[in-house]
Amino acid sequence: MSTSTLPAHGTPPDPATHTPILDVVVPVHNEERDLEPCVRRLHTHLLQDFPYPFRITVADNASTDRTPQIAARLAAELPEVTSVRLAAKGRGRALKHTWSASDAPVLAYMDVDLSTDLAALLPLVAPLITGHSDLAIGSRLSHGSRVVRGPRREIISRCYNLLLRGTLSARFSDAQCGFKAVRADVAARLLPLVEDTGWFFDTELLVLAERTGLRIHEVAVDWTDDPDSRVDILSTAIADLRGIARLARALGTGRLPLARLREQLGRTPLPVAGVPAGLPGQLLRFAAVGTASTLAYLLLYAALRTTAGAQAANLIALLVTAVANTALNRRLTFGVRSTGRLWLHQAQGLVVFAASLGLTGGSLALLHTVDGSPARPLELGVLVTANLAATCLRFLLLRTWVFGPRRRPVEHPRPTGESPR
């Protein structure tokens with residue numbers, strides 16, 4: 001999207017002639033008291049301080065008070081405001097519905113209590129408008145944020161984000177701050193895969209985006225807790241735990257089409273002359289897996305050596321750790337999470353194991369030829385050296401053969417005028 005045609009800063013948007021660049025959704029349920037002051041304050045801020053055409057969409061999900069009537073009146077009075085009514089509750093459901101139907105290239109939402117300072121709105125969406133980032137989140141937990149809230153909610157928020165890091169390997173700092181934005185083209189790909197219709201919607205969307213390789217921009221926000229918040233913390237926490245378990249299963253079984261999404265949306269690594277794409281990251285992950293495998297191998301070898309010969313102990317220890325090494329490298333180093341070709345990869349891994357066995361076993365045989373009864377530290381030292389050589393060979397074979405890119409048939413151009421069958 002080109003920004004050259006956008007209006008200059010301070011020019012009021014004309015909804016009759018401009019498609020909105022930003023659509024800010026305010027999901028509400030029984031918010032008759034807060035809705036009007038929120039929308040008017042947000043509308044004034046965008047008119048005065050936002051340089052692009054905008055829309056405010058009030059997404060009412062199953063309110064039973066006067067919220068729908070207030071939303072309809074605001075939409076009739078303010079040209080930049082629209083209202084949508086849904087028959088079922090759920091913040092995630094409201095966002096999914098309104099975002100999917102919007103024609104704006106940048107989609108955002110904020111909570112009706114406006115706990116987040118509106119001065120952060122332009123910094124939130126600017127990287128999405130320019131194309132620098134794909135999603136943006138307000139963060140109450142990053143350096144520079146200023147937050148006023150009680151210790152209980154502070155502890156719960158930090159524990160929840162630590163839980164996400166430990167279970168789903170999330171790297172974003174604040175999953176549940178009600179202040180987020182996403183590019184519409186990204187939302188169109190991700191929203192059909194987001195199952196949650198409640199509070200876990202944000203987390204699920206962010207985890208999918210992160211696993212797809214998208215760039216998530218974080219903005220430190222000033223945030224003041226709403227003392228009248230009606231969120232049921234216990235039921236929300238239980239629902240979040242269920243959502244984490246469901247998403248972890250989906251990611252672990254390969255049910256989500258992440259590889260296809262990466263091809264369609266993911267950001268490719270920056271090219272470095274002479275370095276194959278993805279090599280630095282793969283080397284680091286392979287080194288971590290290799291370190292753990294080597295320690296496990298040495299411990300297992302030392303334990304088996306007390307009751308078995310050197311070659312037998314080496315064979316068993318290497319076989320056990322080779323199977324685990326292949327599984328870990330498959331998932332962590334080379335990012336293969338589906339179950340397809342699992343047994344083929346393990347079989348190929350055993351071939352790599354045979355090469356490693358030849359190196360380590362040959363080194364042991366050579367040592368025992370030179371010294372019929374070598375000291376145990378010397379024996380372990382020879383094995384470590386041989387394992388280093390075997391590790392280099394293993395990485396080369398795993399990268400180029402076991403988990404290397406599959407060859408695809410070359411598609412020859414169809415002669416002009418020839419129609420497909």
# chains A, B, ... in the order shown; residues from 1 in each chain; ligands from 1
call {"tool": "select_by_dssp", "arguments": {"residues": "segment 229-410 of chain A", "states": "helix (DSSP H, G or I)", "output": "PyMOL selection string"}}
result
chain A and resi 233-253+258-264+279-305+310-333+342-370+376-402
call {"tool": "select_by_dssp", "arguments": {"residues": "segment 148-279 of chain A", "states": "strand (DSSP E)", "output": "VMD selection string"}}
result
chain A and resid 148 179 to 183 216 to 220 222 to 224
call {"tool": "residues_around", "arguments": {"residues": "His29 of chain A", "least_positions_apart": "4", "cutoff": "7 Å", "atoms": "only C-alpha atoms", "output": "JSON, numbers by chain"}}
result
{"A": [60, 61, 62, 63]}
call {"tool": "write_last_selection", "arguments": {"atoms": "all heavy atoms", "output": "mmCIF file, in the first residue's frame"}}
result
data_model
loop_
_atom_site.group_PDB
_atom_site.id
_atom_site.type_symbol
_atom_site.label_atom_id
_atom_site.label_comp_id
_atom_site.auth_asym_id
_atom_site.auth_seq_id
_atom_site.Cartn_x
_atom_site.Cartn_y
_atom_site.Cartn_z
ATOM 1 N N ASP A 60 -21.286 -4.625 19.208
ATOM 2 C CA ASP A 60 -22.082 -5.040 20.371
ATOM 3 C C ASP A 60 -22.347 -6.546 20.289
ATOM 4 O O ASP A 60 -22.913 -7.031 19.320
ATOM 5 C CB ASP A 60 -23.400 -4.275 20.395
ATOM 6 C CG ASP A 60 -24.345 -4.836 21.438
ATOM 7 O OD1 ASP A 60 -23.945 -4.886 22.616
ATOM 8 O OD2 ASP A 60 -25.458 -5.258 21.064
ATOM 9 N N ASN A 61 -21.902 -7.276 21.324
ATOM 10 C CA ASN A 61 -22.154 -8.711 21.314
ATOM 11 C C ASN A 61 -23.127 -9.075 22.432
ATOM 12 O O ASN A 61 -22.767 -9.219 23.589
ATOM 13 C CB ASN A 61 -20.850 -9.533 21.380
ATOM 14 C CG ASN A 61 -19.852 -9.000 22.384
ATOM 15 O OD1 ASN A 61 -19.608 -9.591 23.413
ATOM 16 N ND2 ASN A 61 -19.235 -7.866 22.080
ATOM 17 N N ALA A 62 -24.393 -9.167 22.021
ATOM 18 C CA ALA A 62 -25.474 -9.697 22.860
ATOM 19 C C ALA A 62 -25.737 -8.867 24.108
ATOM 20 O O ALA A 62 -26.047 -9.413 25.176
ATOM 21 C CB ALA A 62 -25.188 -11.141 23.244
ATOM 22 N N SER A 63 -25.647 -7.546 24.005
ATOM 23 C CA SER A 63 -25.986 -6.711 25.162
ATOM 24 C C SER A 63 -27.485 -6.794 25.450
ATOM 25 O O SER A 63 -28.315 -6.896 24.538
ATOM 26 C CB SER A 63 -25.601 -5.257 24.892
ATOM 27 O OG SER A 63 -24.201 -5.090 24.861
#
call {"tool": "residues_around", "arguments": {"residues": "Arg85 of chain A", "least_positions_apart": "6", "cutoff": "12 Å", "atoms": "only C-alpha atoms", "output": "PyMOL selection string"}}
result
chain A and resi 26-29+57-64+67-72+93-95+97-98
call {"tool": "residues_around", "arguments": {"residues": "segment 130-145 of chain A", "least_positions_apart": "5", "cutoff": "7 Å", "atoms": "only C-alpha atoms", "output": "list of chain:residue names"}}
result
A:Leu124, A:Val125, A:Ser173, A:Asp174, A:Cys177, A:Phe179, A:Lys180, A:Ala181, A:Val182, A:Arg183, A:Val186, A:Leu214, A:Arg215, A:Ile216, A:His217, A:Glu218, A:Val219, A:Ala220, A:Val221, A:Asp222, A:Trp223
call {"tool": "write_last_selection", "arguments": {"atoms": "N, CA and C atoms", "output": "compact mmCIF listing (two decimals), in the first residue's frame"}}
result
# COMPACT_ATOMS: atom_id res chain seq x y z
N LEU A 124 1.14 2.80 17.46
CA LEU A 124 0.74 1.40 17.33
C LEU A 124 0.54 1.02 15.87
N VAL A 125 -0.19 1.85 15.11
CA VAL A 125 -0.58 1.46 13.75
C VAL A 125 0.38 1.96 12.68
N SER A 173 5.52 -9.77 24.81
CA SER A 173 5.57 -9.51 26.24
C SER A 173 4.21 -9.42 26.92
N ASP A 174 3.14 -9.07 26.18
CA ASP A 174 1.84 -8.85 26.83
C ASP A 174 0.73 -9.32 25.91
N CYS A 177 -3.32 -7.26 26.76
CA CYS A 177 -3.62 -5.83 26.75
C CYS A 177 -4.64 -5.54 25.64
N PHE A 179 -5.41 -3.57 23.36
CA PHE A 179 -4.94 -2.47 22.50
C PHE A 179 -4.05 -3.09 21.44
N LYS A 180 -4.63 -3.51 20.31
CA LYS A 180 -3.89 -4.26 19.30
C LYS A 180 -4.32 -3.83 17.91
N ALA A 181 -3.47 -4.16 16.92
CA ALA A 181 -3.77 -3.85 15.53
C ALA A 181 -3.14 -4.92 14.64
N VAL A 182 -3.70 -5.07 13.44
CA VAL A 182 -3.20 -6.07 12.49
C VAL A 182 -3.48 -5.57 11.08
N ARG A 183 -2.61 -5.90 10.16
CA ARG A 183 -2.87 -5.60 8.75
C ARG A 183 -4.00 -6.50 8.24
N VAL A 186 -3.03 -9.77 6.52
CA VAL A 186 -2.58 -10.78 7.48
C VAL A 186 -3.77 -11.38 8.21
N LEU A 214 5.81 -13.78 11.31
CA LEU A 214 5.43 -12.39 11.10
C LEU A 214 6.09 -11.48 12.14
N ARG A 215 6.14 -10.21 11.82
CA ARG A 215 6.78 -9.25 12.72
C ARG A 215 5.71 -8.60 13.60
N ILE A 216 5.91 -8.72 14.91
CA ILE A 216 4.98 -8.15 15.89
C ILE A 216 5.63 -6.93 16.53
N HIS A 217 5.04 -5.78 16.31
CA HIS A 217 5.56 -4.52 16.86
C HIS A 217 4.94 -4.28 18.24
N GLU A 218 5.76 -3.94 19.22
CA GLU A 218 5.28 -3.69 20.57
C GLU A 218 5.45 -2.22 20.93
N VAL A 219 4.42 -1.66 21.54
CA VAL A 219 4.44 -0.26 21.96
C VAL A 219 4.25 -0.21 23.47
N ALA A 220 5.19 0.39 24.17
CA ALA A 220 5.03 0.60 25.61
C ALA A 220 3.91 1.61 25.83
N VAL A 221 2.95 1.27 26.68
CA VAL A 221 1.78 2.11 26.85
C VAL A 221 1.66 2.61 28.29
N ASP A 222 0.94 3.71 28.42
CA ASP A 222 0.49 4.18 29.74
C ASP A 222 -0.89 3.58 29.96
N TRP A 223 -1.07 2.87 31.05
CA TRP A 223 -2.30 2.09 31.24
C TRP A 223 -2.78 2.25 32.67
call {"tool": "residues_around", "arguments": {"residues": "Tyr160 of chain A", "least_positions_apart": "5", "cutoff": "9 Å", "atoms": "only C-alpha atoms", "output": "list in words"}}
result
Ile155, Arg165, Asp174, Ala175, Ala237 and Asp240 of chain A
call {"tool": "closest_residue", "arguments": {"among": "A:Asn329, A:Gln176, A:Ser102, A:Ser235", "to": "Ile21 of chain A", "atoms": "only C-alpha atoms"}}
result
A:Ser102
call {"tool": "atom_distance", "arguments": {"atom1": "atom CA of Leu344 of chain A", "atom2": "atom CA of Val402 of chain A"}}
result
8.6 Å
call {"tool": "residues_around", "arguments": {"residues": "Val323 of chain A", "least_positions_apart": "5", "cutoff": "9 Å", "atoms": "only C-alpha atoms", "output": "mmCIF file with N, CA, C and O atoms, in the first residue's frame"}}
result
data_model
loop_
_atom_site.group_PDB
_atom_site.id
_atom_site.type_symbol
_atom_site.label_atom_id
_atom_site.label_comp_id
_atom_site.auth_asym_id
_atom_site.auth_seq_id
_atom_site.Cartn_x
_atom_site.Cartn_y
_atom_site.Cartn_z
ATOM 1 N N LEU A 318 24.899 -44.473 21.876
ATOM 2 C CA LEU A 318 24.791 -43.694 20.644
ATOM 3 C C LEU A 318 23.440 -43.914 19.969
ATOM 4 O O LEU A 318 22.831 -42.981 19.432
ATOM 5 N N LEU A 328 14.568 -34.255 18.096
ATOM 6 C CA LEU A 328 14.708 -32.862 18.537
ATOM 7 C C LEU A 328 15.135 -31.945 17.394
ATOM 8 O O LEU A 328 14.618 -30.834 17.241
ATOM 9 N N GLN A 346 13.359 -40.743 10.690
ATOM 10 C CA GLN A 346 14.064 -41.535 11.695
ATOM 11 C C GLN A 346 14.961 -42.588 11.038
ATOM 12 O O GLN A 346 16.075 -42.854 11.513
ATOM 13 N N GLY A 349 17.825 -40.845 9.852
ATOM 14 C CA GLY A 349 18.632 -40.517 11.014
ATOM 15 C C GLY A 349 19.485 -41.689 11.473
ATOM 16 O O GLY A 349 20.608 -41.505 11.967
ATOM 17 N N LEU A 350 18.971 -42.900 11.324
ATOM 18 C CA LEU A 350 19.750 -44.085 11.698
ATOM 19 C C LEU A 350 20.936 -44.288 10.752
ATOM 20 O O LEU A 350 21.977 -44.802 11.156
ATOM 21 N N PHE A 353 23.319 -42.052 12.035
ATOM 22 C CA PHE A 353 23.842 -42.693 13.241
ATOM 23 C C PHE A 353 24.942 -43.706 12.900
ATOM 24 O O PHE A 353 25.958 -43.809 13.591
#
